[in-house]
>>> print(open('my_file17.txt').read())   # compact mmCIF, C-alpha atoms
# COMPACT_ATOMS: atom_id res chain seq x y z
CA MET E 1 95.79 86.98 116.80
CA THR E 2 96.69 90.49 117.94
CA ILE E 3 99.28 92.79 116.36
CA ALA E 4 100.41 96.10 117.88
CA PHE E 5 102.11 98.83 115.87
CA THR E 6 104.07 101.70 117.36
CA GLY E 7 106.08 104.62 116.03
CA GLY E 8 106.83 108.18 116.65
CA GLY E 9 105.14 111.33 115.56
CA THR E 10 105.83 111.93 111.84
CA GLY E 11 104.43 110.76 108.52
CA GLY E 12 107.70 108.97 107.88
CA HIS E 13 107.00 106.76 110.88
CA PHE E 14 103.24 106.51 110.48
CA TYR E 15 102.55 105.79 106.81
CA PRO E 16 104.91 102.80 106.43
CA LEU E 17 102.97 101.18 109.28
CA ILE E 18 99.75 101.88 107.38
CA ALA E 19 101.28 100.23 104.31
CA ILE E 20 102.17 97.15 106.39
CA ALA E 21 98.64 97.02 107.84
CA GLU E 22 97.23 97.16 104.29
CA ALA E 23 99.43 94.23 103.30
CA ILE E 24 98.50 92.23 106.42
CA ASN E 25 94.82 92.67 105.62
CA ASP E 26 95.44 91.56 102.02
CA LEU E 27 97.35 88.44 103.11
CA VAL E 28 94.72 87.54 105.70
CA ARG E 29 92.03 87.60 102.99
CA GLU E 30 94.17 85.63 100.54
CA LYS E 31 95.13 82.95 103.09
CA ARG E 32 91.66 82.92 104.64
CA LEU E 33 93.00 83.54 108.11
CA VAL E 34 90.97 84.85 111.02
CA PRO E 35 91.39 88.64 110.83
CA PRO E 36 93.80 89.86 113.52
CA LYS E 37 93.07 92.67 115.93
CA LEU E 38 95.28 95.60 114.97
CA TYR E 39 96.30 98.37 117.37
CA TYR E 40 98.36 101.53 116.99
CA LEU E 41 100.05 102.73 120.20
CA ALA E 42 101.58 106.20 119.94
CA PRO E 43 101.36 109.73 121.39
CA ASP E 44 98.81 110.80 118.75
CA SER E 45 96.69 109.20 116.04
CA PHE E 46 98.29 111.31 113.23
CA ASP E 47 95.73 110.29 110.56
CA GLN E 48 92.48 108.90 111.97
CA LYS E 49 91.04 108.26 108.51
CA ALA E 50 93.97 106.01 107.54
CA LEU E 51 93.70 104.13 110.84
CA PHE E 52 89.95 103.57 110.38
CA GLU E 53 90.28 102.45 106.76
CA ASN E 54 92.82 99.81 107.74
CA GLY E 55 91.14 98.55 110.89
CA LEU E 56 93.64 99.90 113.41
CA ILE E 57 92.45 100.88 116.89
CA PHE E 58 94.36 103.83 118.32
CA ILE E 59 95.58 103.82 121.92
CA SER E 60 97.26 106.98 123.19
CA ILE E 61 100.63 106.32 124.83
CA PRO E 62 102.50 109.47 126.00
CA ALA E 63 106.16 109.73 125.05
CA GLY E 64 108.75 112.46 125.56
CA LYS E 65 111.30 113.61 123.03
CA GLN E 66 115.01 113.69 123.73
CA ARG E 67 116.35 116.60 121.71
CA ARG E 68 119.90 116.68 120.35
CA TYR E 69 120.58 119.97 122.09
CA ALA E 70 120.55 121.06 125.73
CA SER E 71 117.02 121.84 126.89
CA PHE E 72 115.16 121.72 130.18
CA GLN E 73 112.33 120.13 128.20
CA ASN E 74 114.50 117.00 127.85
CA PHE E 75 114.35 116.57 131.64
CA ILE E 76 110.58 117.08 131.72
CA ASP E 77 110.08 114.65 128.85
CA LEU E 78 111.84 111.89 130.77
CA PHE E 79 108.84 111.88 133.10
CA VAL E 80 106.46 111.91 130.12
CA THR E 81 108.19 108.78 128.80
CA LEU E 82 107.98 107.18 132.25
CA LEU E 83 104.24 107.91 132.34
CA GLY E 84 103.90 106.45 128.84
CA THR E 85 105.78 103.32 129.88
CA MET E 86 103.40 102.79 132.80
CA LYS E 87 100.39 103.19 130.52
CA ALA E 88 101.94 100.91 127.89
CA LEU E 89 102.43 98.27 130.60
CA LEU E 90 98.73 98.37 131.44
CA MET E 91 97.67 98.28 127.78
CA LEU E 92 100.03 95.54 126.60
CA PHE E 93 99.32 93.40 129.66
CA ARG E 94 95.60 93.64 128.82
CA LEU E 95 95.98 93.16 125.04
CA TYR E 96 99.03 90.88 125.15
CA PRO E 97 99.73 91.14 121.39
CA ASP E 98 101.43 88.30 119.54
CA VAL E 99 103.94 90.72 118.03
CA VAL E 100 104.88 94.40 118.33
CA VAL E 101 105.96 96.17 115.14
CA SER E 102 108.00 99.32 115.78
CA LYS E 103 108.85 101.99 113.25
CA GLY E 104 111.12 103.79 115.69
CA GLY E 105 110.92 107.42 116.76
CA TYR E 106 110.41 108.76 120.26
CA GLY E 107 106.78 107.63 120.30
CA SER E 108 107.78 103.96 120.08
CA VAL E 109 110.02 103.85 123.16
CA PRO E 110 107.46 103.13 125.95
CA THR E 111 105.73 100.38 123.97
CA VAL E 112 108.98 98.69 122.93
CA ILE E 113 110.36 98.73 126.49
CA VAL E 114 107.21 97.08 127.81
CA ALA E 115 107.13 94.53 124.98
CA ARG E 116 110.62 93.50 126.04
CA LEU E 117 109.58 93.22 129.70
CA LEU E 118 106.61 91.04 128.74
CA ARG E 119 108.68 88.92 126.31
CA ILE E 120 106.47 89.86 123.38
CA PRO E 121 108.22 89.36 119.99
CA ILE E 122 109.43 92.64 118.46
CA ILE E 123 110.04 93.53 114.82
CA ILE E 124 111.61 96.89 114.00
CA HIS E 125 111.85 98.71 110.70
CA GLU E 126 114.43 101.41 110.04
CA SER E 127 113.79 103.68 107.07
CA ASP E 128 116.87 105.87 107.28
CA ALA E 129 120.44 105.44 106.11
CA LYS E 130 121.55 106.21 109.67
CA PRO E 131 119.34 104.51 112.29
CA GLY E 132 117.57 106.53 114.95
CA ARG E 133 118.21 106.15 118.66
CA ALA E 134 114.89 104.41 119.35
CA ASN E 135 115.63 101.59 116.91
CA LEU E 136 119.21 101.26 118.14
CA LEU E 137 117.78 100.88 121.65
CA ALA E 138 115.33 98.23 120.49
CA ALA E 139 117.72 96.29 118.24
CA PRO E 140 119.09 93.84 120.88
CA TRP E 141 115.50 92.86 121.76
CA ALA E 142 114.19 92.49 118.20
CA GLN E 143 113.62 89.13 116.49
CA ARG E 144 113.80 90.81 113.08
CA ILE E 145 115.36 94.10 111.96
CA ALA E 146 114.29 95.45 108.57
CA ILE E 147 116.32 98.20 106.91
CA SER E 148 115.91 100.31 103.79
CA PHE E 149 119.49 101.42 103.07
CA ASP E 150 122.35 98.90 103.04
CA SER E 151 124.50 101.43 104.91
CA ALA E 152 122.20 101.24 107.96
CA ALA E 153 123.35 97.72 108.89
CA ALA E 154 126.80 98.89 110.03
CA PHE E 155 125.29 101.08 112.77
CA PHE E 156 123.64 98.17 114.57
CA PRO E 157 125.54 96.03 117.11
CA GLU E 158 127.46 93.20 115.48
CA LYS E 159 125.62 90.57 117.52
CA VAL E 160 122.25 91.44 115.90
CA ARG E 161 123.36 91.64 112.26
CA GLY E 162 122.22 88.10 111.57
CA ARG E 163 118.66 89.29 112.17
CA ILE E 164 118.91 92.17 109.66
CA ALA E 165 117.35 92.09 106.19
CA ARG E 166 117.04 94.86 103.61
CA THR E 167 113.37 95.07 102.71
CA GLY E 168 113.04 98.60 101.44
CA ILE E 169 110.40 101.02 102.69
CA PRO E 170 106.74 99.97 102.83
CA ILE E 171 104.64 102.24 100.63
CA ARG E 172 100.86 102.51 100.59
CA LYS E 173 99.44 100.65 97.59
CA ALA E 174 97.68 103.66 96.14
CA LEU E 175 100.89 105.70 95.90
CA ALA E 176 102.53 103.05 93.73
CA HIS E 177 99.81 103.63 91.12
CA LEU E 178 99.77 107.17 89.75
CA GLU E 179 96.85 108.83 88.03
CA THR E 180 97.73 110.56 84.78
CA GLN E 181 94.39 110.50 83.02
CA GLY E 182 92.57 113.74 83.72
CA ALA E 183 95.15 114.92 86.25
CA GLN E 184 96.05 118.03 84.27
CA GLN E 185 92.43 119.08 84.04
CA TYR E 186 91.82 118.32 87.73
CA LEU E 187 94.79 120.45 88.76
CA GLY E 188 94.25 123.17 86.17
CA LEU E 189 97.72 122.84 84.69
CA GLU E 190 98.86 124.49 81.49
CA LYS E 191 99.56 121.96 78.76
CA ASP E 192 102.93 121.53 77.03
CA LEU E 193 104.87 122.77 80.03
CA PRO E 194 107.00 120.82 82.51
CA THR E 195 105.44 120.48 85.97
CA ILE E 196 107.52 120.84 89.13
CA LEU E 197 106.17 119.25 92.32
CA ILE E 198 107.59 120.84 95.49
CA LEU E 199 107.18 118.94 98.76
CA GLY E 200 108.34 120.32 102.09
CA GLY E 201 107.24 117.34 104.16
CA SER E 202 103.87 116.86 105.86
CA GLN E 203 104.35 120.04 107.92
CA GLY E 204 105.87 122.07 105.10
CA ALA E 205 109.26 123.78 105.28
CA VAL E 206 109.65 127.49 105.96
CA ARG E 207 113.05 127.77 104.23
CA ILE E 208 111.89 125.96 101.08
CA ASN E 209 108.74 128.10 101.00
CA GLU E 210 110.83 131.27 101.24
CA VAL E 211 113.15 130.26 98.40
CA VAL E 212 110.27 129.15 96.18
CA LEU E 213 108.48 132.47 96.70
CA SER E 214 111.67 134.38 95.91
CA SER E 215 112.08 132.28 92.74
CA LEU E 216 108.46 132.37 91.72
CA THR E 217 108.62 134.84 88.85
CA ASN E 218 111.41 132.87 87.20
CA LEU E 219 109.83 129.45 87.89
CA VAL E 220 106.41 130.20 86.40
CA ALA E 221 108.12 131.58 83.29
CA PHE E 222 108.86 128.01 82.16
CA ALA E 223 106.87 125.55 84.31
CA ASN E 224 103.72 124.72 86.23
CA ILE E 225 104.50 124.76 89.96
CA ILE E 226 102.59 122.58 92.46
CA HIS E 227 103.76 123.61 95.91
CA GLN E 228 102.80 121.80 99.11
CA THR E 229 103.26 124.50 101.73
CA GLY E 230 102.15 122.80 104.96
CA HIS E 231 98.91 123.64 106.81
CA ALA E 232 100.53 126.30 108.99
CA HIS E 233 102.05 128.22 106.09
CA ILE E 234 99.40 128.25 103.37
CA LYS E 235 97.87 131.67 104.13
CA ASN E 236 101.23 133.41 104.32
CA VAL E 237 102.46 131.73 101.12
CA GLU E 238 99.29 132.60 99.22
CA GLY E 239 99.49 136.22 100.39
CA VAL E 240 103.14 136.66 99.39
CA ALA E 241 102.60 134.85 96.05
CA GLN E 242 99.73 137.17 95.22
CA VAL E 243 102.04 140.16 95.66
CA VAL E 244 105.01 138.58 93.85
CA LEU E 245 102.91 137.52 90.86
CA ALA E 246 100.73 140.64 90.67
CA GLY E 247 100.44 141.58 87.01
CA SER E 248 102.24 138.45 85.81
CA ARG E 249 100.62 136.75 82.84
CA ASN E 250 101.92 133.42 84.20
CA ALA E 251 100.39 133.71 87.69
CA SER E 252 97.91 130.89 86.99
CA ARG E 253 100.80 128.43 86.66
CA TYR E 254 101.43 128.53 90.43
CA HIS E 255 99.36 126.15 92.59
CA PRO E 256 99.98 126.37 96.36
CA ILE E 257 98.30 123.56 98.34
CA ASN E 258 98.42 123.21 102.11
CA TYR E 259 98.62 119.40 102.16
CA LEU E 260 98.34 116.81 99.42
CA SER E 261 95.96 113.99 100.28
CA GLN E 262 96.64 110.50 98.98
CA THR E 263 94.47 111.07 95.91
CA SER E 264 95.97 114.50 95.26
CA LEU E 265 99.47 113.08 95.58
CA GLN E 266 98.66 110.32 93.08
CA ARG E 267 97.53 112.95 90.60
CA THR E 268 100.29 115.50 91.15
CA ALA E 269 103.04 112.88 91.04
CA GLY E 270 101.45 111.43 87.92
CA VAL E 271 102.00 114.63 85.96
CA ALA E 272 105.22 115.83 87.63
CA THR E 273 108.34 116.17 85.50
CA LEU E 274 110.59 116.63 88.52
CA VAL E 275 110.13 116.55 92.30
CA VAL E 276 111.78 118.96 94.75
CA SER E 277 111.55 117.46 98.22
CA ARG E 278 112.87 117.10 101.71
CA ALA E 279 114.88 113.92 102.19
CA GLY E 280 112.77 111.86 104.54
CA ALA E 281 113.21 108.18 103.72
CA ASN E 282 109.51 107.75 103.04
CA SER E 283 109.50 110.65 100.58
CA ILE E 284 112.55 109.22 98.80
CA ALA E 285 110.90 105.81 98.53
CA GLU E 286 107.75 107.31 97.00
CA ILE E 287 109.75 109.39 94.52
CA SER E 288 111.68 106.27 93.55
CA LEU E 289 108.50 104.29 92.91
CA TRP E 290 107.23 107.16 90.78
CA LYS E 291 110.48 107.00 88.74
CA LYS E 292 110.85 110.77 88.92
CA PRO E 293 114.09 112.81 88.89
CA ALA E 294 114.50 114.61 92.19
CA ILE E 295 116.20 117.55 93.84
CA LEU E 296 116.54 116.82 97.55
CA ILE E 297 116.93 119.51 100.21
CA PRO E 298 117.66 117.70 103.50
CA ILE E 299 116.84 119.17 106.87
CA PRO E 300 120.15 120.40 108.36
CA GLU E 301 121.96 117.76 110.41
CA VAL E 302 121.85 119.85 113.60
CA ILE E 303 118.06 119.41 113.52
CA SER E 304 117.66 115.96 111.97
CA HIS E 305 120.33 113.24 112.04
CA ASP E 306 118.92 111.26 109.14
CA GLN E 307 117.93 113.35 106.14
CA ARG E 308 121.40 114.33 104.98
CA SER E 309 122.53 110.69 105.06
CA ASN E 310 119.38 109.64 103.20
CA ALA E 311 119.83 112.29 100.54
CA TYR E 312 123.43 111.45 99.70
CA ALA E 313 122.82 107.69 99.82
CA TYR E 314 120.02 108.12 97.28
CA ALA E 315 121.96 110.62 95.17
CA ARG E 316 124.78 108.07 94.78
CA THR E 317 122.38 106.00 92.67
CA GLY E 318 122.21 108.87 90.17
CA ALA E 319 118.50 109.49 90.78
CA ALA E 320 118.78 112.82 92.62
CA ILE E 321 120.68 116.05 93.12
CA VAL E 322 121.28 117.26 96.68
CA LEU E 323 121.12 120.94 97.62
CA GLU E 324 122.19 121.77 101.17
CA GLU E 325 119.75 124.15 102.85
CA GLU E 326 122.56 126.47 103.98
CA ASN E 327 123.59 126.90 100.33
CA LEU E 328 120.07 127.18 98.95
CA THR E 329 119.36 130.36 97.00
CA PRO E 330 116.62 131.22 94.50
CA HIS E 331 119.18 131.32 91.66
CA LEU E 332 120.61 127.89 92.57
CA LEU E 333 117.17 126.28 92.82
CA VAL E 334 116.02 127.66 89.45
CA SER E 335 119.27 126.76 87.67
CA GLU E 336 119.27 123.16 88.98
CA ILE E 337 115.64 122.65 87.99
CA GLN E 338 116.37 123.99 84.51
CA ARG E 339 119.50 121.84 84.22
CA VAL E 340 117.44 118.68 84.64
CA ILE E 341 114.34 119.51 82.64
CA ASN E 342 116.34 120.99 79.74
CA ASP E 343 118.49 117.87 79.39
CA PRO E 344 116.29 114.93 78.25
CA ASP E 345 119.17 112.46 78.53
CA LEU E 346 119.90 113.47 82.14
CA GLU E 347 116.21 113.29 82.98
CA LYS E 348 115.98 109.75 81.55
CA ARG E 349 119.10 108.59 83.40
CA MET E 350 117.78 109.93 86.70
CA SER E 351 114.39 108.29 86.14
CA ALA E 352 116.03 104.96 85.32
CA SER E 353 118.19 105.14 88.45
CA ALA E 354 115.16 105.94 90.58
CA ALA E 355 113.27 102.92 89.30
CA GLY E 356 115.64 100.40 90.85
CA PHE E 357 115.91 101.86 94.35
CA THR E 358 112.70 100.89 96.17
CA ASP E 359 111.21 97.42 96.43
CA PRO E 360 107.47 97.75 95.70
CA ASP E 361 106.83 94.53 97.66
CA ALA E 362 108.42 95.75 100.91
CA ALA E 363 105.10 96.00 102.78
CA ARG E 364 104.07 92.52 101.73
CA VAL E 365 107.42 90.97 102.69
CA LEU E 366 107.19 92.52 106.15
CA ALA E 367 103.52 91.60 106.55
CA ASP E 368 104.25 87.97 105.74
CA GLU E 369 107.01 87.80 108.37
CA ILE E 370 104.86 89.58 110.97
CA LEU E 371 102.02 87.10 110.44
CA SER E 372 104.43 84.17 110.64
CA ILE E 373 105.85 85.32 114.00
CA ALA E 374 102.40 86.24 115.32
CA LEU E 375 100.94 82.84 114.42
CA THR E 376 103.89 81.05 116.03
CA HIS E 377 103.56 83.12 119.20
CA GLU E 378 99.79 82.63 119.28
CA SER E 379 100.14 78.85 119.14
>>> encode(input="my_file17.txt", output="structure tokens")
Amino acid sequence: MTIAFTGGGTGGHFYPLIAIAEAINDLVREKRLVPPKLYYLAPDSFDQKALFENGLIFISIPAGKQRRYASFQNFIDLFVTLLGTMKALLMLFRLYPDVVVSKGGYGSVPTVIVARLLRIPIIIHESDAKPGRANLLAAPWAQRIAISFDSAAAFFPEKVRGRIARTGIPIRKALAHLETQGAQQYLGLEKDLPTILILGGSQGAVRINEVVLSSLTNLVAFANIIHQTGHAHIKNVEGVAQVVLAGSRNASRYHPINYLSQTSLQRTAGVATLVVSRAGANSIAEISLWKKPAILIPIPEVISHDQRSNAYAYARTGAAIVLEEENLTPHLLVSEIQRVINDPDLEKRMSASAAGFTDPDAARVLADEILSIALTHES
């Protein structure tokens, strides 16, 4: 049995596939099946350690982006996608997987097109409230379409809606189990203070970093701040923070970190009182499993079609507050954080609303269906 995964270029596409691979490996052991060969076909490996730990073999398949604005690069990237499609044809013809699992994104397009040409069963998963173009392209060819927001179903063609099921977003097992014992000591946090966890996505977010730095003196006056800055921004953030907090007796309450590993995220989320985050669907799902109140700052719609829809769909549950980036100011960020952490009843209501949003068994449900289709195809 051979299973191929594909998806495009971000942690929101990559880590749900890792969660599904984890669940497949668990089910294979439980059912005493012959372990399948697992492959990941995409423009880059994203996280080689996660691939290795879950037995996925990476195969590089070039893919070009199609930006939502006029750019000569769009024309060039058409040829990159064509090259990727030719390579995917060679790879899939050689591997001939029993099923292709696509997370969407530009990186999935060559592999999905070839899977269709070779009549290989396709399963797609859509994390966002508003589906991306890659999954809308693949939908007519897919045997199963998994979604995370009920609102996503209406965007797919009517003829495929019988194949749609709401599964939720697959989350890595470790992130569903937070570490609270010893986390404060590990992170060097001050006791008896609320802790604010600020996440700008895997690459960080320049605008969020700027507002946090401008708010820093006020924030550390009442809370510990754990701030994921992104690898590219850590030196600049640390330098500015050193100047802003020079002479402050509360400077030790600020903890900038370039990127939170899985273990670090378990620990920081375990002690967080509130999470300030971008509104990627994967981030929302993790926050929901953690049962944490959230302030979401979506990427503007001119850049990303999905985050604004995700943020408001989640906020309608009562679990989050949405701050539009164009309206974001240091004063607004500080006042909204204080409004939540100074109102225990509001904090409890938001936590309770978060708890019911994400299905913790999403990865296992998808893995079971993938194995079923793969075994049928194999026979």
>>> closest_residue(input="my_file17.txt", among="E:Ile171, E:Phe222, E:Val160, E:Ala165", to="E:Gln262", atoms="all atoms listed in the file")
E:Ile171
>>> residues_around(input="my_file17.txt", residues="E:Ser372", least_positions_apart="6", cutoff="12 Å", atoms="only C-alpha atoms", output="PyMOL selection string")
chain E and resi 1+3+24+27-28+33+98-99+121+123+143-144+365-366+378-379
>>> atom_distance(input="my_file17.txt", atom1="atom CA of E:Ala355", atom2="atom CA of E:Ala223")
24.0 Å
>>> closest_residue(input="my_file17.txt", among="E:Asp150, E:Glu158, E:Glu179, E:Glu336", to="E:Leu219", atoms="all atoms listed in the file")
E:Glu336
>>> residues_around(input="my_file17.txt", residues="E:Gln242", least_positions_apart="2", cutoff="12 Å", atoms="all atoms listed in the file", output="PDB file with C-alpha atoms, in the frame of the given file")
ATOM      1  CA  LEU E 213     108.480 132.470  96.700  1.00  0.00           C
ATOM      2  CA  LEU E 216     108.460 132.370  91.720  1.00  0.00           C
ATOM      3  CA  THR E 217     108.620 134.840  88.850  1.00  0.00           C
ATOM      4  CA  LYS E 235      97.870 131.670 104.130  1.00  0.00           C
ATOM      5  CA  ASN E 236     101.230 133.410 104.320  1.00  0.00           C
ATOM      6  CA  VAL E 237     102.460 131.730 101.120  1.00  0.00           C
ATOM      7  CA  GLU E 238      99.290 132.600  99.220  1.00  0.00           C
ATOM      8  CA  GLY E 239      99.490 136.220 100.390  1.00  0.00           C
ATOM      9  CA  VAL E 240     103.140 136.660  99.390  1.00  0.00           C
ATOM     10  CA  VAL E 244     105.010 138.580  93.850  1.00  0.00           C
ATOM     11  CA  LEU E 245     102.910 137.520  90.860  1.00  0.00           C
ATOM     12  CA  ALA E 246     100.730 140.640  90.670  1.00  0.00           C
ATOM     13  CA  GLY E 247     100.440 141.580  87.010  1.00  0.00           C
ATOM     14  CA  SER E 248     102.240 138.450  85.810  1.00  0.00           C
ATOM     15  CA  ASN E 250     101.920 133.420  84.200  1.00  0.00           C
ATOM     16  CA  ALA E 251     100.390 133.710  87.690  1.00  0.00           C
ATOM     17  CA  SER E 252      97.910 130.890  86.990  1.00  0.00           C
ATOM     18  CA  TYR E 254     101.430 128.530  90.430  1.00  0.00           C
ATOM     19  CA  HIS E 255      99.360 126.150  92.590  1.00  0.00           C
ATOM     20  CA  PRO E 256      99.980 126.370  96.360  1.00  0.00           C
TER      21      PRO E 256
END
>>> residues_around(input="my_file17.txt", residues="E:Ala311", least_positions_apart="5", cutoff="9 Å", atoms="only C-alpha atoms", output="JSON, numbers by chain")
{"E": [129, 278, 279, 280, 281, 284, 296, 297, 298, 306, 316, 320, 321, 322]}
>>> atom_distance(input="my_file17.txt", atom1="atom CA of E:Gly11", atom2="atom CA of E:Gly55")
18.2 Å
>>> atom_distance(input="my_file17.txt", atom1="atom CA of E:Ala319", atom2="atom CA of E:Ala354")
4.9 Å
>>> closest_residue(input="my_file17.txt", among="E:Glu326, E:Leu193, E:Asp47, E:Pro36", to="E:Ser261", atoms="all atoms listed in the file")
E:Asp47
>>> residues_near_point(input="my_file17.txt", point="(107.7, 105.5, 125.3)", cutoff="10 Å", atoms="all atoms listed in the file", output="VMD selection string")
chain E and resid 6 to 8 41 to 43 61 to 65 78 80 to 88 105 to 114 134
>>> closest_residue(input="my_file17.txt", among="E:Asn258, E:Ser264, E:Gln48, E:Thr167", to="E:Ala205", atoms="all atoms listed in the file")
E:Asn258
>>> residues_around(input="my_file17.txt", residues="E:Arg166", least_positions_apart="4", cutoff="12 Å", atoms="all atoms listed in the file", output="PDB file with C-alpha atoms, in the frame of the given file")
ATOM      1  CA  ILE E 124     111.610  96.890 114.000  1.00  0.00           C
ATOM      2  CA  HIS E 125     111.850  98.710 110.700  1.00  0.00           C
ATOM      3  CA  GLU E 126     114.430 101.410 110.040  1.00  0.00           C
ATOM      4  CA  SER E 127     113.790 103.680 107.070  1.00  0.00           C
ATOM      5  CA  ASP E 128     116.870 105.870 107.280  1.00  0.00           C
ATOM      6  CA  ALA E 129     120.440 105.440 106.110  1.00  0.00           C
ATOM      7  CA  ARG E 144     113.800  90.810 113.080  1.00  0.00           C
ATOM      8  CA  ILE E 145     115.360  94.100 111.960  1.00  0.00           C
ATOM      9  CA  ALA E 146     114.290  95.450 108.570  1.00  0.00           C
ATOM     10  CA  ILE E 147     116.320  98.200 106.910  1.00  0.00           C
ATOM     11  CA  SER E 148     115.910 100.310 103.790  1.00  0.00           C
ATOM     12  CA  PHE E 149     119.490 101.420 103.070  1.00  0.00           C
ATOM     13  CA  ASP E 150     122.350  98.900 103.040  1.00  0.00           C
ATOM     14  CA  SER E 151     124.500 101.430 104.910  1.00  0.00           C
ATOM     15  CA  ALA E 152     122.200 101.240 107.960  1.00  0.00           C
ATOM     16  CA  ALA E 153     123.350  97.720 108.890  1.00  0.00           C
ATOM     17  CA  ARG E 161     123.360  91.640 112.260  1.00  0.00           C
ATOM     18  CA  GLY E 162     122.220  88.100 111.570  1.00  0.00           C
ATOM     19  CA  PRO E 170     106.740  99.970 102.830  1.00  0.00           C
ATOM     20  CA  PHE E 357     115.910 101.860  94.350  1.00  0.00           C
ATOM     21  CA  THR E 358     112.700 100.890  96.170  1.00  0.00           C
ATOM     22  CA  ASP E 359     111.210  97.420  96.430  1.00  0.00           C
ATOM     23  CA  ASP E 361     106.830  94.530  97.660  1.00  0.00           C
ATOM     24  CA  ALA E 362     108.420  95.750 100.910  1.00  0.00           C
ATOM     25  CA  VAL E 365     107.420  90.970 102.690  1.00  0.00           C
ATOM     26  CA  LEU E 366     107.190  92.520 106.150  1.00  0.00           C
TER      27      LEU E 366
END
>>> closest_residue(input="my_file17.txt", among="E:Leu137, E:Leu328, E:Ala272, E:Leu95", to="E:Ile341", atoms="all atoms listed in the file")
E:Ala272
>>> axis_aligned_box(input="my_file17.txt", around="stretch 281-297 of chain E", padding_each_side="6 Å", output="JSON")
{"center_x": 112.1, "center_y": 111.9, "center_z": 96.2, "size_x": 21.7, "size_y": 27.2, "size_z": 27.0}
>>> residues_near_point(input="my_file17.txt", point="(108.4, 114.6, 91.0)", cutoff="7 Å", atoms="all atoms listed in the file", output="list in words")
Ile196, Leu197, Ala269, Ala272, Thr273, Leu274, Val275, Val276, Ile287, Lys292, Pro293 and Ala294 of chain E
>>> write_last_selection(input="my_file17.txt", atoms="C-alpha atoms", output="mmCIF file, in the coordinates of the input")
data_model
loop_
_atom_site.group_PDB
_atom_site.id
_atom_site.type_symbol
_atom_site.label_atom_id
_atom_site.label_comp_id
_atom_site.auth_asym_id
_atom_site.auth_seq_id
_atom_site.Cartn_x
_atom_site.Cartn_y
_atom_site.Cartn_z
ATOM 1 C CA ILE E 196 107.520 120.840 89.130
ATOM 2 C CA LEU E 197 106.170 119.250 92.320
ATOM 3 C CA ALA E 269 103.040 112.880 91.040
ATOM 4 C CA ALA E 272 105.220 115.830 87.630
ATOM 5 C CA THR E 273 108.340 116.170 85.500
ATOM 6 C CA LEU E 274 110.590 116.630 88.520
ATOM 7 C CA VAL E 275 110.130 116.550 92.300
ATOM 8 C CA VAL E 276 111.780 118.960 94.750
ATOM 9 C CA ILE E 287 109.750 109.390 94.520
ATOM 10 C CA LYS E 292 110.850 110.770 88.920
ATOM 11 C CA PRO E 293 114.090 112.810 88.890
ATOM 12 C CA ALA E 294 114.500 114.610 92.190
#
>>> residues_around(input="my_file17.txt", residues="E:Ile257", least_positions_apart="5", cutoff="7 Å", atoms="all atoms listed in the file", output="PyMOL selection string")
chain E and resi 227-229+234
>>> build_atoms(input="my_file17.txt", residues="stretch 39-49 of chain E", atoms="N, CA and C atoms", output="PDB file, keeping the file's coordinate frame")
ATOM      1  N   TYR E  39      96.272  97.199 116.500  1.00  0.00           N
ATOM      2  CA  TYR E  39      96.300  98.370 117.370  1.00  0.00           C
ATOM      3  C   TYR E  39      97.474  99.270 116.984  1.00  0.00           C
ATOM      4  N   TYR E  40      97.277 100.557 117.199  1.00  0.00           N
ATOM      5  CA  TYR E  40      98.360 101.530 116.990  1.00  0.00           C
ATOM      6  C   TYR E  40      98.562 102.285 118.295  1.00  0.00           C
ATOM      7  N   LEU E  41      99.732 102.101 118.913  1.00  0.00           N
ATOM      8  CA  LEU E  41     100.050 102.730 120.200  1.00  0.00           C
ATOM      9  C   LEU E  41     101.086 103.826 119.962  1.00  0.00           C
ATOM     10  N   ALA E  42     100.704 105.054 120.235  1.00  0.00           N
ATOM     11  CA  ALA E  42     101.580 106.200 119.940  1.00  0.00           C
ATOM     12  C   ALA E  42     101.046 107.433 120.667  1.00  0.00           C
ATOM     13  N   PRO E  43     101.831 108.514 120.709  1.00  0.00           N
ATOM     14  CA  PRO E  43     101.360 109.730 121.390  1.00  0.00           C
ATOM     15  C   PRO E  43     100.129 110.351 120.747  1.00  0.00           C
ATOM     16  N   ASP E  44      99.996 110.260 119.409  1.00  0.00           N
ATOM     17  CA  ASP E  44      98.810 110.800 118.750  1.00  0.00           C
ATOM     18  C   ASP E  44      98.445 109.929 117.561  1.00  0.00           C
ATOM     19  N   SER E  45      97.213 110.082 117.089  1.00  0.00           N
ATOM     20  CA  SER E  45      96.690 109.200 116.040  1.00  0.00           C
ATOM     21  C   SER E  45      97.215 109.556 114.652  1.00  0.00           C
ATOM     22  N   PHE E  46      97.691 110.770 114.462  1.00  0.00           N
ATOM     23  CA  PHE E  46      98.290 111.310 113.230  1.00  0.00           C
ATOM     24  C   PHE E  46      97.282 111.398 112.080  1.00  0.00           C
ATOM     25  N   ASP E  47      96.684 110.275 111.672  1.00  0.00           N
ATOM     26  CA  ASP E  47      95.730 110.290 110.560  1.00  0.00           C
ATOM     27  C   ASP E  47      94.623 109.285 110.888  1.00  0.00           C
ATOM     28  N   GLN E  48      93.557 109.772 111.512  1.00  0.00           N
ATOM     29  CA  GLN E  48      92.480 108.900 111.970  1.00  0.00           C
ATOM     30  C   GLN E  48      91.792 108.192 110.812  1.00  0.00           C
ATOM     31  N   LYS E  49      91.693 108.859 109.674  1.00  0.00           N
ATOM     32  CA  LYS E  49      91.040 108.260 108.510  1.00  0.00           C
ATOM     33  C   LYS E  49      91.814 107.026 108.044  1.00  0.00           C
TER      34      LYS E  49
END
